[in-house]
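Okay, so here's the structure we're looking at.
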Amino acid sequence: MKGSYRILAEEHHVNNDTWVSGLNNNDVIIGPSGAGKTRGYVIPNILQKNESMLVTDTKGSIGRQVTWEMVESGYQVYNIDFTGGAVTCGYNPFDYIRYDKANGTYSQQDIKTIASVLVPRENEKDPFWDYAARLYLESMIAYVLECLPKEEHHMISVLRLFQIMNTRMYLDLFEELSELRPNSYALGLYRMYENNRTAERMHESIRGILGEKLGIFTLSRVQTLLTCERRIDFREMGRKKTLVLLTVSDTDRSMDRLADLFYTQALHELCRSADKDYPDSRLEVPVRLILDDFAANAYIPDFDKITSVIRSREISVSIILQSLSQLESLYGTAKAKTILNNCDHCLYLGGQDTDTACYIGAKANKTTSTILNMPLEDAWLFERGRDPKQVRKYRLEEHRSDMDGKEKKELEKKKSREDPENEM
């Protein structure tokens, strides 16, 4: 099959050229554990080798199955390990804070993005505390960027500032900054909360919230990630075929905020690169984010809006869920619907969640019981503009990448005939 295609089910492939298909390349895959999400969708589409990919790899199992073949096919492969394994490639969020050479200033928007992801609004009834903790963090990030050397631009430096926050030394740092750079962004933020120290209980409550968020940066494995000399460059994914495996735990939730920031900065950086580096605002190499166990492992701010605008930039997402209730509990009903509606392909692999089965039944014009009792080897495939189809799940064992077995045998025979050492 010529061109670039991805696999959705047995004998069902879809063209990746959105200008030909008229559809976006966003997919949502729904199915419980053991339904075949990884073996029937994730790994086969990685092995299609059509695009750069950022893949959530719980337990590192995907990397063990595909890394060798991808490297042999010319891919550059990076493994970012958030589970405590060996650090072969690092990630420093400060690498993606833009610097304006003309004005000598760092992007306030990028600083706020980091702070908002690391300190999300969790107290809906009284968000003051989360916003105050975020303000503290923004000022410390800005101070690190404005006042410390480049090699110290990372969250470890922010952590050190936090640890001296209740000392005279912290006050002296900002007093010195007021003399040297009275228009400093870091100083302006500091002025907004400096009087909180007189309200000791409030100040300590805010520090407690921020301390809990910064706790992961005390871990030695995280500090190694931040300072590793070889670090990921998201822009590179749009220039050369790249596979980024983000290894995360499906049981330990301590690294979730850092993973959220990783996904958020990846999407922002890829969109900026498309707009800035390419005349038609389309990445040279398409990029796909395969977000396994999405609703359990990641919360990406404004993800409902992002999925609406990435198609024209040659960026796409594959959202993999166990049930729709997962997505709704994390993003809310309205945003969850927007995310689903921004995926022109939906593959339902079965399950016991009645709400999900009811939703699928309505789309397929079938009863809920029919959906719940679907044979284990079957799935429902939905494509915008076409009738729903009950299909057979794709089997990894039958996967064919660029050539089928017959073509490979013919090539081997031809090579054997042309190799003089094989002549008798």
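Ordering of the structure tokens sets the chain letters (A, B, ...), residue numbers begin anew at 1 in every chain, and ligands are numbered from 1 in the order given.
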
Per residue of region 317-375 of chain A within 12 Å of region 42-58 of chain A, record the nearest atom pair and its distance in Å to one decimal, counting only C-alpha atoms, with rows in chain order and ascending residue number, as a Markdown table.
```
| residue | atom | partner | partner_atom | distance |
| --- | --- | --- | --- | --- |
| A:Val317 | CA | A:Leu54 | CA | 9.4 |
| A:Ser318 | CA | A:Val42 | CA | 8.8 |
| A:Ile319 | CA | A:Thr56 | CA | 10.4 |
| A:Ile320 | CA | A:Val42 | CA | 9.2 |
```

Which residue gives the smallest distance to Gly90 (chain A) among A:Thr224, A:Ser308, A:Ser184, A:Thr105, with only C-alpha atoms counted? A:Thr224

Distance query Tyr136 (chain A) at most 10 Å, only C-alpha atoms, self and fewer than 3 positions along chain excluded, as a compact mmCIF listing (two decimals) with all heavy atoms, in the first residue's frame:
```txt
# COMPACT_ATOMS: atom_id res chain seq x y z
N ALA A 115 4.39 27.36 35.72
CA ALA A 115 3.82 27.50 37.06
C ALA A 115 2.39 26.96 37.13
O ALA A 115 2.01 26.32 38.11
CB ALA A 115 3.87 28.96 37.50
N TYR A 131 -3.73 29.85 43.52
CA TYR A 131 -3.23 30.99 42.74
C TYR A 131 -2.08 31.70 43.47
O TYR A 131 -1.13 32.16 42.84
CB TYR A 131 -4.36 31.99 42.47
CG TYR A 131 -5.38 31.50 41.48
CD1 TYR A 131 -6.72 31.88 41.57
CD2 TYR A 131 -5.02 30.67 40.42
CE1 TYR A 131 -7.67 31.45 40.66
CE2 TYR A 131 -5.95 30.23 39.50
CZ TYR A 131 -7.27 30.62 39.62
OH TYR A 131 -8.20 30.18 38.71
N ALA A 132 -2.18 31.78 44.79
CA ALA A 132 -1.11 32.42 45.56
C ALA A 132 0.18 31.61 45.48
O ALA A 132 1.27 32.17 45.29
CB ALA A 132 -1.55 32.60 47.01
N ALA A 133 0.06 30.30 45.61
CA ALA A 133 1.24 29.44 45.50
C ALA A 133 1.86 29.53 44.12
O ALA A 133 3.09 29.53 43.96
CB ALA A 133 0.86 27.99 45.82
N SER A 139 7.48 33.97 40.58
CA SER A 139 8.52 34.94 40.94
C SER A 139 9.88 34.26 41.09
O SER A 139 10.91 34.82 40.70
CB SER A 139 8.15 35.67 42.24
OG SER A 139 8.26 34.82 43.37
N MET A 140 9.89 33.05 41.63
CA MET A 140 11.17 32.34 41.81
C MET A 140 11.73 31.85 40.49
O MET A 140 12.95 31.89 40.27
CB MET A 140 10.97 31.19 42.80
CG MET A 140 10.82 31.68 44.24
SD MET A 140 10.75 30.36 45.46
CE MET A 140 9.01 29.95 45.37
N ILE A 141 10.86 31.38 39.59
CA ILE A 141 11.33 30.99 38.26
C ILE A 141 11.93 32.20 37.54
O ILE A 141 13.02 32.12 36.94
CB ILE A 141 10.18 30.39 37.43
CG1 ILE A 141 9.73 29.06 38.01
CG2 ILE A 141 10.61 30.21 35.97
CD1 ILE A 141 8.49 28.47 37.33
N PHE A 162 13.21 28.34 47.26
CA PHE A 162 12.09 28.02 48.14
C PHE A 162 12.56 27.65 49.54
O PHE A 162 11.94 28.03 50.54
CB PHE A 162 11.27 26.89 47.53
CG PHE A 162 10.18 26.38 48.43
CD1 PHE A 162 8.99 27.09 48.58
CD2 PHE A 162 10.34 25.20 49.15
CE1 PHE A 162 7.99 26.65 49.42
CE2 PHE A 162 9.34 24.74 49.99
CZ PHE A 162 8.16 25.47 50.13
N MET A 165 13.27 30.68 51.65
CA MET A 165 12.24 31.70 51.51
C MET A 165 11.93 32.43 52.81
O MET A 165 11.58 33.61 52.80
CB MET A 165 10.96 31.07 50.94
CG MET A 165 9.95 32.07 50.44
SD MET A 165 8.55 31.24 49.66
CE MET A 165 7.68 32.66 49.00
N ALA A 186 10.60 39.47 37.87
CA ALA A 186 10.65 38.71 39.12
C ALA A 186 10.35 39.62 40.30
O ALA A 186 9.61 39.24 41.22
CB ALA A 186 12.02 38.06 39.28
N LEU A 189 6.61 40.55 40.56
CA LEU A 189 5.82 39.47 41.15
C LEU A 189 6.05 39.39 42.65
O LEU A 189 5.10 39.18 43.43
CB LEU A 189 6.19 38.14 40.49
CG LEU A 189 5.81 38.00 39.01
CD1 LEU A 189 6.43 36.73 38.43
CD2 LEU A 189 4.31 37.96 38.82
N TYR A 190 7.30 39.55 43.07
CA TYR A 190 7.63 39.50 44.49
C TYR A 190 6.89 40.60 45.26
O TYR A 190 6.38 40.36 46.37
CB TYR A 190 9.14 39.64 44.67
CG TYR A 190 9.57 39.86 46.10
CD1 TYR A 190 9.58 38.81 47.02
CD2 TYR A 190 9.96 41.13 46.55
CE1 TYR A 190 9.97 39.02 48.34
CE2 TYR A 190 10.35 41.35 47.86
CZ TYR A 190 10.35 40.29 48.75
OH TYR A 190 10.73 40.48 50.05
N MET A 192 4.09 41.68 44.82
CA MET A 192 2.67 41.35 44.96
C MET A 192 2.39 40.47 46.17
O MET A 192 1.25 40.37 46.62
CB MET A 192 2.17 40.66 43.69
CG MET A 192 2.22 41.55 42.44
SD MET A 192 1.78 40.68 40.92
CE MET A 192 0.05 40.38 41.20
N TYR A 193 3.44 39.82 46.71
CA TYR A 193 3.20 38.96 47.86
C TYR A 193 4.14 39.20 49.04
O TYR A 193 4.05 38.51 50.06
CB TYR A 193 3.27 37.48 47.46
CG TYR A 193 4.64 36.97 47.07
CD1 TYR A 193 5.57 36.59 48.04
CD2 TYR A 193 5.01 36.84 45.74
CE1 TYR A 193 6.82 36.11 47.68
CE2 TYR A 193 6.25 36.36 45.37
CZ TYR A 193 7.16 35.99 46.34
OH TYR A 193 8.39 35.52 45.99
N GLU A 194 5.02 40.18 48.94
CA GLU A 194 6.01 40.37 50.00
C GLU A 194 5.37 40.65 51.36
O GLU A 194 5.91 40.27 52.40
CB GLU A 194 6.99 41.48 49.63
CG GLU A 194 6.36 42.87 49.49
CD GLU A 194 7.41 43.94 49.24
OE1 GLU A 194 8.55 43.79 49.73
OE2 GLU A 194 7.09 44.92 48.54
N ILE A 206 0.35 28.91 52.22
CA ILE A 206 0.70 29.00 50.80
C ILE A 206 2.01 28.26 50.54
O ILE A 206 2.14 27.52 49.55
CB ILE A 206 0.81 30.47 50.37
CG1 ILE A 206 -0.55 31.16 50.51
CG2 ILE A 206 1.31 30.58 48.93
CD1 ILE A 206 -0.51 32.66 50.35
N ARG A 207 2.97 28.46 51.43
CA ARG A 207 4.25 27.75 51.28
C ARG A 207 4.05 26.24 51.37
O ARG A 207 4.74 25.47 50.69
CB ARG A 207 5.24 28.20 52.35
CG ARG A 207 5.83 29.58 52.12
CD ARG A 207 7.00 29.85 53.05
NE ARG A 207 8.18 29.11 52.65
CZ ARG A 207 8.69 28.06 53.31
NH1 ARG A 207 8.09 27.60 54.39
NH2 ARG A 207 9.78 27.47 52.88
N LEU A 210 2.86 25.05 48.00
CA LEU A 210 3.95 25.08 47.02
C LEU A 210 4.99 24.02 47.33
O LEU A 210 5.52 23.37 46.42
CB LEU A 210 4.60 26.47 47.01
CG LEU A 210 5.73 26.68 46.00
CD1 LEU A 210 5.27 26.33 44.60
CD2 LEU A 210 6.23 28.11 46.07
```

Strand (DSSP E) positions in region 118-353 of chain A, given as a ChimeraX atom specification: /A:242-248,287-291,315-321,345-348

List the neighbours of region 244-255 of chain A out to 9 Å using only C-alpha atoms; skip same-chain residues closer than 6 positions along the sequence, and give me the result as a list of chain:residue names.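 So the residues in contact are A:Ser52, A:Met53, A:Leu54, A:Val55, A:Thr56, A:Asp57, A:Thr58, A:Lys59, A:Gly60, A:Ser61, A:Ile62, A:Gly63, A:Gln76, A:Val77, A:Tyr78, A:Asn79, A:Ile80, A:Asp81, A:Phe82, A:Thr83, A:Ile216, A:Ile232, A:Met237, A:Asp293, A:Ala296, A:Asn297.
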
Residues as selected, N, CA and C atoms, written as a short mmCIF file (atom, residue, chain, number, x, y, z; two decimals), in the first residue's frame, can you do that?
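Output file out_33.cif is given in full below:
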```cif
data_model
loop_
_atom_site.label_atom_id
_atom_site.label_comp_id
_atom_site.auth_asym_id
_atom_site.auth_seq_id
_atom_site.Cartn_x
_atom_site.Cartn_y
_atom_site.Cartn_z
N SER A 52 7.10 11.18 13.11
CA SER A 52 7.70 11.24 14.43
C SER A 52 6.61 10.97 15.46
N MET A 53 7.00 10.37 16.57
CA MET A 53 6.01 9.98 17.57
C MET A 53 6.52 10.23 18.98
N LEU A 54 5.62 10.73 19.82
CA LEU A 54 5.86 10.81 21.25
C LEU A 54 4.87 9.85 21.90
N VAL A 55 5.39 8.81 22.54
CA VAL A 55 4.55 7.70 23.00
C VAL A 55 4.66 7.54 24.51
N THR A 56 3.49 7.51 25.17
CA THR A 56 3.47 7.17 26.59
C THR A 56 3.74 5.68 26.72
N ASP A 57 4.77 5.33 27.48
CA ASP A 57 5.19 3.93 27.58
C ASP A 57 5.15 3.50 29.04
N THR A 58 3.99 3.05 29.50
CA THR A 58 3.89 2.59 30.89
C THR A 58 4.71 1.31 31.05
N LYS A 59 5.55 1.30 32.05
CA LYS A 59 6.41 0.16 32.40
C LYS A 59 7.56 -0.07 31.42
N GLY A 60 7.64 0.72 30.34
CA GLY A 60 8.74 0.55 29.39
C GLY A 60 8.57 -0.62 28.45
N SER A 61 7.38 -1.23 28.41
CA SER A 61 7.18 -2.44 27.61
C SER A 61 7.20 -2.15 26.11
N ILE A 62 6.70 -1.00 25.69
CA ILE A 62 6.67 -0.67 24.26
C ILE A 62 8.09 -0.49 23.74
N GLY A 63 8.90 0.24 24.49
CA GLY A 63 10.27 0.47 24.08
C GLY A 63 11.04 -0.82 23.85
N GLN A 76 15.80 8.34 15.16
CA GLN A 76 16.49 8.67 16.39
C GLN A 76 15.50 8.39 17.53
N VAL A 77 15.94 7.66 18.53
CA VAL A 77 15.06 7.20 19.60
C VAL A 77 15.54 7.77 20.93
N TYR A 78 14.62 8.40 21.66
CA TYR A 78 14.91 8.94 22.97
C TYR A 78 13.98 8.29 23.99
N ASN A 79 14.55 7.91 25.12
CA ASN A 79 13.74 7.37 26.21
C ASN A 79 13.86 8.31 27.40
N ILE A 80 12.75 8.95 27.74
CA ILE A 80 12.70 9.82 28.91
C ILE A 80 12.03 9.02 30.02
N ASP A 81 12.80 8.65 31.04
CA ASP A 81 12.31 7.73 32.07
C ASP A 81 11.91 8.49 33.32
N PHE A 82 10.60 8.46 33.64
CA PHE A 82 10.10 9.10 34.85
C PHE A 82 9.85 8.09 35.97
N THR A 83 10.40 6.88 35.84
CA THR A 83 10.14 5.84 36.83
C THR A 83 11.34 5.50 37.69
N ILE A 216 8.77 16.79 44.25
CA ILE A 216 9.38 15.84 43.31
C ILE A 216 10.78 16.27 42.89
N ILE A 232 16.09 16.28 25.47
CA ILE A 232 15.15 16.24 24.36
C ILE A 232 14.94 17.63 23.77
N MET A 237 11.72 16.96 16.36
CA MET A 237 10.76 15.95 15.91
C MET A 237 10.09 16.34 14.60
N ASP A 293 -3.33 5.28 28.12
CA ASP A 293 -3.93 5.45 29.45
C ASP A 293 -4.05 6.93 29.77
N ALA A 296 -5.68 8.64 32.88
CA ALA A 296 -5.09 8.27 34.16
C ALA A 296 -3.71 8.89 34.35
N ASN A 297 -3.05 9.24 33.25
CA ASN A 297 -1.66 9.67 33.34
C ASN A 297 -1.41 11.14 33.03
#
```

Pull the alpha helix (DSSP H) assignments for region 181-330 of chain A out of DSSP run on the backbone, and list those residues as a PyMOL selection string. chain A and resi 185-191+200-214+220-227+256-277+294-297+303-309+324-330

Can you list, as a tab-separated table (two decimals) with all heavy atoms, in the first residue's frame, every protein, DNA or RNA residue that comes within 12 Å of Lys363 (chain A) when you count only C-alpha atoms, leaving out same-chain residues fewer than 2 positions away?
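Output file result14.tsv follows:
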```
chain	number	residue	atom	x	y	z
A	346	CYS	N	-12.79	6.98	15.77
A	346	CYS	CA	-13.00	6.39	17.09
A	346	CYS	C	-13.02	4.87	16.94
A	346	CYS	O	-13.75	4.34	16.09
A	346	CYS	CB	-14.30	6.89	17.71
A	346	CYS	SG	-14.77	6.07	19.26
A	347	LEU	N	-12.23	4.19	17.75
A	347	LEU	CA	-12.18	2.72	17.73
A	347	LEU	C	-12.56	2.22	19.12
A	347	LEU	O	-11.86	2.50	20.10
A	347	LEU	CB	-10.78	2.24	17.34
A	347	LEU	CG	-10.60	0.72	17.24
A	347	LEU	CD1	-11.43	0.17	16.07
A	347	LEU	CD2	-9.12	0.38	17.03
A	348	TYR	N	-13.67	1.50	19.19
A	348	TYR	CA	-14.15	0.96	20.46
A	348	TYR	C	-13.86	-0.54	20.51
A	348	TYR	O	-14.32	-1.30	19.67
A	348	TYR	CB	-15.64	1.21	20.61
A	348	TYR	CG	-16.25	0.60	21.85
A	348	TYR	CD1	-15.94	1.09	23.12
A	348	TYR	CD2	-17.11	-0.50	21.76
A	348	TYR	CE1	-16.49	0.52	24.26
A	348	TYR	CE2	-17.67	-1.06	22.90
A	348	TYR	CZ	-17.36	-0.56	24.14
A	348	TYR	OH	-17.90	-1.12	25.28
A	356	THR	N	-20.22	4.10	28.65
A	356	THR	CA	-19.48	4.07	27.39
A	356	THR	C	-20.23	3.25	26.35
A	356	THR	O	-20.34	3.65	25.18
A	356	THR	CB	-18.07	3.50	27.60
A	356	THR	OG1	-17.38	4.26	28.59
A	356	THR	CG2	-17.27	3.53	26.31
A	357	ALA	N	-20.77	2.11	26.77
A	357	ALA	CA	-21.52	1.25	25.84
A	357	ALA	C	-22.77	1.97	25.32
A	357	ALA	O	-23.14	1.82	24.15
A	357	ALA	CB	-21.91	-0.05	26.54
A	358	CYS	N	-23.42	2.75	26.17
A	358	CYS	CA	-24.59	3.52	25.75
A	358	CYS	C	-24.20	4.56	24.70
A	358	CYS	O	-24.90	4.75	23.70
A	358	CYS	CB	-25.22	4.19	26.97
A	358	CYS	SG	-26.74	5.10	26.61
A	359	TYR	N	-23.06	5.24	24.92
A	359	TYR	CA	-22.56	6.23	23.97
A	359	TYR	C	-22.23	5.57	22.63
A	359	TYR	O	-22.62	6.08	21.56
A	359	TYR	CB	-21.32	6.91	24.56
A	359	TYR	CG	-20.55	7.81	23.62
A	359	TYR	CD1	-20.95	9.12	23.42
A	359	TYR	CD2	-19.43	7.34	22.95
A	359	TYR	CE1	-20.24	9.96	22.55
A	359	TYR	CE2	-18.72	8.16	22.09
A	359	TYR	CZ	-19.13	9.46	21.89
A	359	TYR	OH	-18.43	10.28	21.04
A	360	ILE	N	-21.54	4.45	22.67
A	360	ILE	CA	-21.17	3.73	21.45
A	360	ILE	C	-22.42	3.21	20.75
A	360	ILE	O	-22.55	3.26	19.52
A	360	ILE	CB	-20.19	2.59	21.76
A	360	ILE	CG1	-18.87	3.15	22.31
A	360	ILE	CG2	-19.93	1.74	20.51
A	360	ILE	CD1	-18.11	4.04	21.36
A	361	GLY	N	-23.38	2.70	21.54
A	361	GLY	CA	-24.61	2.20	20.96
A	361	GLY	C	-25.37	3.28	20.21
A	361	GLY	O	-25.94	3.04	19.13
A	365	ASN	N	-26.12	3.03	16.40
A	365	ASN	CA	-27.55	2.71	16.26
A	365	ASN	C	-27.83	1.26	16.66
A	365	ASN	O	-28.56	0.52	15.99
A	365	ASN	CB	-28.03	2.96	14.82
A	365	ASN	CG	-29.54	3.01	14.72
A	365	ASN	OD1	-30.24	3.30	15.70
A	365	ASN	ND2	-30.07	2.69	13.54
A	366	LYS	N	-27.21	0.87	17.78
A	366	LYS	CA	-27.39	-0.47	18.34
A	366	LYS	C	-27.79	-0.34	19.80
A	366	LYS	O	-27.56	0.69	20.43
A	366	LYS	CB	-26.10	-1.29	18.23
A	366	LYS	CG	-25.58	-1.49	16.81
A	366	LYS	CD	-26.51	-2.41	16.02
A	366	LYS	CE	-25.98	-2.64	14.61
A	366	LYS	NZ	-26.87	-3.53	13.81
A	367	THR	N	-28.37	-1.41	20.34
A	367	THR	CA	-28.73	-1.38	21.76
A	367	THR	C	-27.49	-1.49	22.62
A	367	THR	O	-26.45	-2.02	22.19
A	367	THR	CB	-29.68	-2.53	22.11
A	367	THR	OG1	-28.98	-3.77	21.93
A	367	THR	CG2	-30.92	-2.50	21.23
A	368	THR	N	-27.61	-1.01	23.85
A	368	THR	CA	-26.49	-1.09	24.79
A	368	THR	C	-26.07	-2.53	25.02
A	368	THR	O	-24.87	-2.85	25.09
A	368	THR	CB	-26.86	-0.43	26.13
A	368	THR	OG1	-27.22	0.93	25.89
A	368	THR	CG2	-25.70	-0.47	27.11
A	371	ILE	N	-23.84	-3.87	22.29
A	371	ILE	CA	-22.47	-3.36	22.40
A	371	ILE	C	-21.73	-4.10	23.51
A	371	ILE	O	-20.58	-4.52	23.33
A	371	ILE	CB	-22.48	-1.85	22.68
A	371	ILE	CG1	-23.17	-1.08	21.55
A	371	ILE	CG2	-21.06	-1.34	22.88
A	371	ILE	CD1	-22.53	-1.25	20.19
A	380	TRP	N	-15.80	-1.75	17.18
A	380	TRP	CA	-16.60	-0.81	16.39
A	380	TRP	C	-15.70	0.33	15.93
A	380	TRP	O	-14.96	0.91	16.73
A	380	TRP	CB	-17.77	-0.26	17.20
A	380	TRP	CG	-18.97	-1.15	17.18
A	380	TRP	CD1	-19.36	-2.06	18.12
A	380	TRP	CD2	-19.94	-1.22	16.13
A	380	TRP	NE1	-20.49	-2.71	17.73
A	380	TRP	CE2	-20.88	-2.22	16.51
A	380	TRP	CE3	-20.11	-0.58	14.90
A	380	TRP	CZ2	-21.97	-2.56	15.72
A	380	TRP	CZ3	-21.19	-0.91	14.11
A	380	TRP	CH2	-22.12	-1.89	14.51
A	381	LEU	N	-15.77	0.63	14.63
A	381	LEU	CA	-14.95	1.68	14.04
A	381	LEU	C	-15.86	2.80	13.52
A	381	LEU	O	-16.81	2.53	12.77
A	381	LEU	CB	-14.11	1.13	12.90
A	381	LEU	CG	-13.27	2.13	12.10
A	381	LEU	CD1	-12.25	2.82	13.01
A	381	LEU	CD2	-12.56	1.43	10.94
A	382	PHE	N	-15.56	4.03	13.94
A	382	PHE	CA	-16.33	5.19	13.51
A	382	PHE	C	-15.40	6.17	12.80
A	382	PHE	O	-14.33	6.50	13.32
A	382	PHE	CB	-16.97	5.88	14.72
A	382	PHE	CG	-17.85	4.98	15.54
A	382	PHE	CD1	-17.32	4.26	16.60
A	382	PHE	CD2	-19.20	4.83	15.24
A	382	PHE	CE1	-18.13	3.42	17.37
A	382	PHE	CE2	-20.01	3.99	15.99
A	382	PHE	CZ	-19.47	3.28	17.05
A	383	GLU	N	-15.81	6.59	11.63
A	383	GLU	CA	-15.07	7.58	10.85
A	383	GLU	C	-16.04	8.65	10.40
A	383	GLU	O	-17.11	8.33	9.85
A	383	GLU	CB	-14.40	6.93	9.65
A	383	GLU	CG	-13.62	7.90	8.78
A	383	GLU	CD	-12.93	7.20	7.62
A	383	GLU	OE1	-11.95	6.48	7.88
A	383	GLU	OE2	-13.39	7.35	6.47
A	384	ARG	N	-15.71	9.90	10.64
A	384	ARG	CA	-16.61	10.99	10.27
A	384	ARG	C	-16.93	10.93	8.77
A	384	ARG	O	-16.03	10.82	7.94
A	384	ARG	CB	-15.99	12.34	10.63
A	384	ARG	CG	-16.92	13.52	10.35
A	384	ARG	CD	-16.39	14.80	11.00
A	384	ARG	NE	-15.11	15.21	10.45
A	384	ARG	CZ	-14.95	15.93	9.34
A	384	ARG	NH1	-16.03	16.29	8.64
A	384	ARG	NH2	-13.75	16.28	8.93
A	386	ARG	N	-18.78	8.53	7.38
A	386	ARG	CA	-19.05	7.17	6.93
A	386	ARG	C	-19.90	6.44	7.96
A	386	ARG	O	-19.95	6.82	9.12
A	386	ARG	CB	-17.74	6.40	6.69
A	386	ARG	CG	-16.92	6.94	5.54
A	386	ARG	CD	-15.77	6.01	5.22
A	386	ARG	NE	-15.01	6.47	4.06
A	386	ARG	CZ	-13.99	5.79	3.54
A	386	ARG	NH1	-13.60	4.64	4.08
A	386	ARG	NH2	-13.35	6.28	2.48
A	387	ASP	N	-20.55	5.37	7.51
A	387	ASP	CA	-21.36	4.57	8.42
A	387	ASP	C	-20.46	3.82	9.40
A	387	ASP	O	-19.35	3.40	9.02
A	387	ASP	CB	-22.20	3.56	7.63
A	387	ASP	CG	-23.30	4.23	6.80
A	387	ASP	OD1	-23.72	5.34	7.20
A	387	ASP	OD2	-23.70	3.64	5.78
A	388	PRO	N	-20.93	3.60	10.62
A	388	PRO	CA	-20.16	2.81	11.58
A	388	PRO	C	-19.97	1.38	11.06
A	388	PRO	O	-20.79	0.86	10.30
A	388	PRO	CB	-21.04	2.82	12.84
A	388	PRO	CG	-21.98	3.96	12.65
A	388	PRO	CD	-22.19	4.10	11.18
A	389	LYS	N	-18.87	0.76	11.48
A	389	LYS	CA	-18.58	-0.60	11.05
A	389	LYS	C	-18.17	-1.46	12.24
A	389	LYS	O	-17.37	-1.04	13.08
A	389	LYS	CB	-17.44	-0.62	10.02
A	389	LYS	CG	-17.75	0.05	8.70
A	389	LYS	CD	-16.55	-0.03	7.77
A	389	LYS	CE	-16.84	0.66	6.44
A	389	LYS	NZ	-15.65	0.61	5.56
A	390	GLN	N	-18.73	-2.67	12.29
A	390	GLN	CA	-18.22	-3.65	13.24
A	390	GLN	C	-17.10	-4.39	12.54
A	390	GLN	O	-17.30	-4.99	11.49
A	390	GLN	CB	-19.32	-4.61	13.68
A	390	GLN	CG	-18.90	-5.51	14.83
A	390	GLN	CD	-20.08	-6.27	15.44
A	390	GLN	OE1	-21.22	-6.01	15.12
A	390	GLN	NE2	-19.78	-7.20	16.33
```

For the atom pair CA of Leu225 (chain A) and CA of His153 (chain A), what is the interatomic distance in Å to one decimal place?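 According to the coordinates, CA of Leu225 (chain A) and CA of His153 (chain A) are separated by 13.3 Å.
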
Compare A:Gly350, A:Pro182, A:Gly211, A:Gly84 by their minimum atom-to-atom distance to Leu159 (chain A), counting only C-alpha atoms, and give me the closest one. A:Gly211

Near Arg311 (chain A), counting only C-alpha atoms, which residues have an atom at most 8 Å away, once you skip same-chain residues fewer than 6 positions from it, shown as a PyMOL selection string? chain A and resi 18+24-25

I need the chosen residues saved as a PDB file, in the first residue's frame, with N, CA and C atoms.
```
ATOM      1  N   THR A  18      -4.157  14.454   5.414  1.00  0.00           N
ATOM      2  CA  THR A  18      -5.439  15.074   5.750  1.00  0.00           C
ATOM      3  C   THR A  18      -6.000  15.894   4.593  1.00  0.00           C
ATOM      4  N   ASN A  24      -9.231  15.010  10.049  1.00  0.00           N
ATOM      5  CA  ASN A  24      -8.038  15.159  10.862  1.00  0.00           C
ATOM      6  C   ASN A  24      -7.504  13.778  11.233  1.00  0.00           C
ATOM      7  N   ASN A  25      -6.299  13.723  11.733  1.00  0.00           N
ATOM      8  CA  ASN A  25      -5.662  12.445  12.057  1.00  0.00           C
ATOM      9  C   ASN A  25      -5.736  12.111  13.540  1.00  0.00           C
TER      10      ASN A  25
END
```

Closest to Leu180 (chain A) among A:Tyr5, A:Cys147, A:Thr198, A:Gly74, using only C-alpha atoms?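 Looking at the shortest contact to Leu180 (chain A), the residue is A:Cys147.
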
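Atom pair CA of Glu72 (chain A) / CA of Ser316 (chain A) has a distance of 24.7 Å (rounded to one decimal).
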
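For the atom pair formed by CA of Tyr185 (chain A) and CA of Asp172 (chain A), the distance is 16.8 Å, given to one decimal.
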
Excluding Glu10 (chain A) and residues on its chain fewer than 3 positions from it, collect all residues at most 8 Å away from it, counting only C-alpha atoms, and give them as a PDB file with N, CA and C atoms, in the first residue's frame.
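What ended up in out25.pdb:
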```pdb
ATOM      1  N   ILE A   7      -3.029   2.119  10.897  1.00  0.00           N
ATOM      2  CA  ILE A   7      -3.859   0.929  11.037  1.00  0.00           C
ATOM      3  C   ILE A   7      -4.884   1.146  12.139  1.00  0.00           C
ATOM      4  N   VAL A 391     -15.902  -4.316  13.105  1.00  0.00           N
ATOM      5  CA  VAL A 391     -14.697  -4.808  12.433  1.00  0.00           C
ATOM      6  C   VAL A 391     -13.977  -5.817  13.317  1.00  0.00           C
ATOM      7  N   ARG A 392     -12.974  -6.444  12.724  1.00  0.00           N
ATOM      8  CA  ARG A 392     -12.117  -7.363  13.495  1.00  0.00           C
ATOM      9  C   ARG A 392     -10.907  -6.586  13.989  1.00  0.00           C
ATOM     10  N   LYS A 393     -10.534  -6.817  15.246  1.00  0.00           N
ATOM     11  CA  LYS A 393      -9.357  -6.146  15.801  1.00  0.00           C
ATOM     12  C   LYS A 393      -8.107  -6.551  15.020  1.00  0.00           C
ATOM     13  N   TYR A 394      -7.198  -5.608  14.935  1.00  0.00           N
ATOM     14  CA  TYR A 394      -5.939  -5.894  14.248  1.00  0.00           C
ATOM     15  C   TYR A 394      -5.055  -6.745  15.160  1.00  0.00           C
ATOM     16  N   ARG A 395      -4.368  -7.709  14.551  1.00  0.00           N
ATOM     17  CA  ARG A 395      -3.484  -8.602  15.310  1.00  0.00           C
ATOM     18  C   ARG A 395      -2.042  -8.260  14.986  1.00  0.00           C
TER      19      ARG A 395
END
```
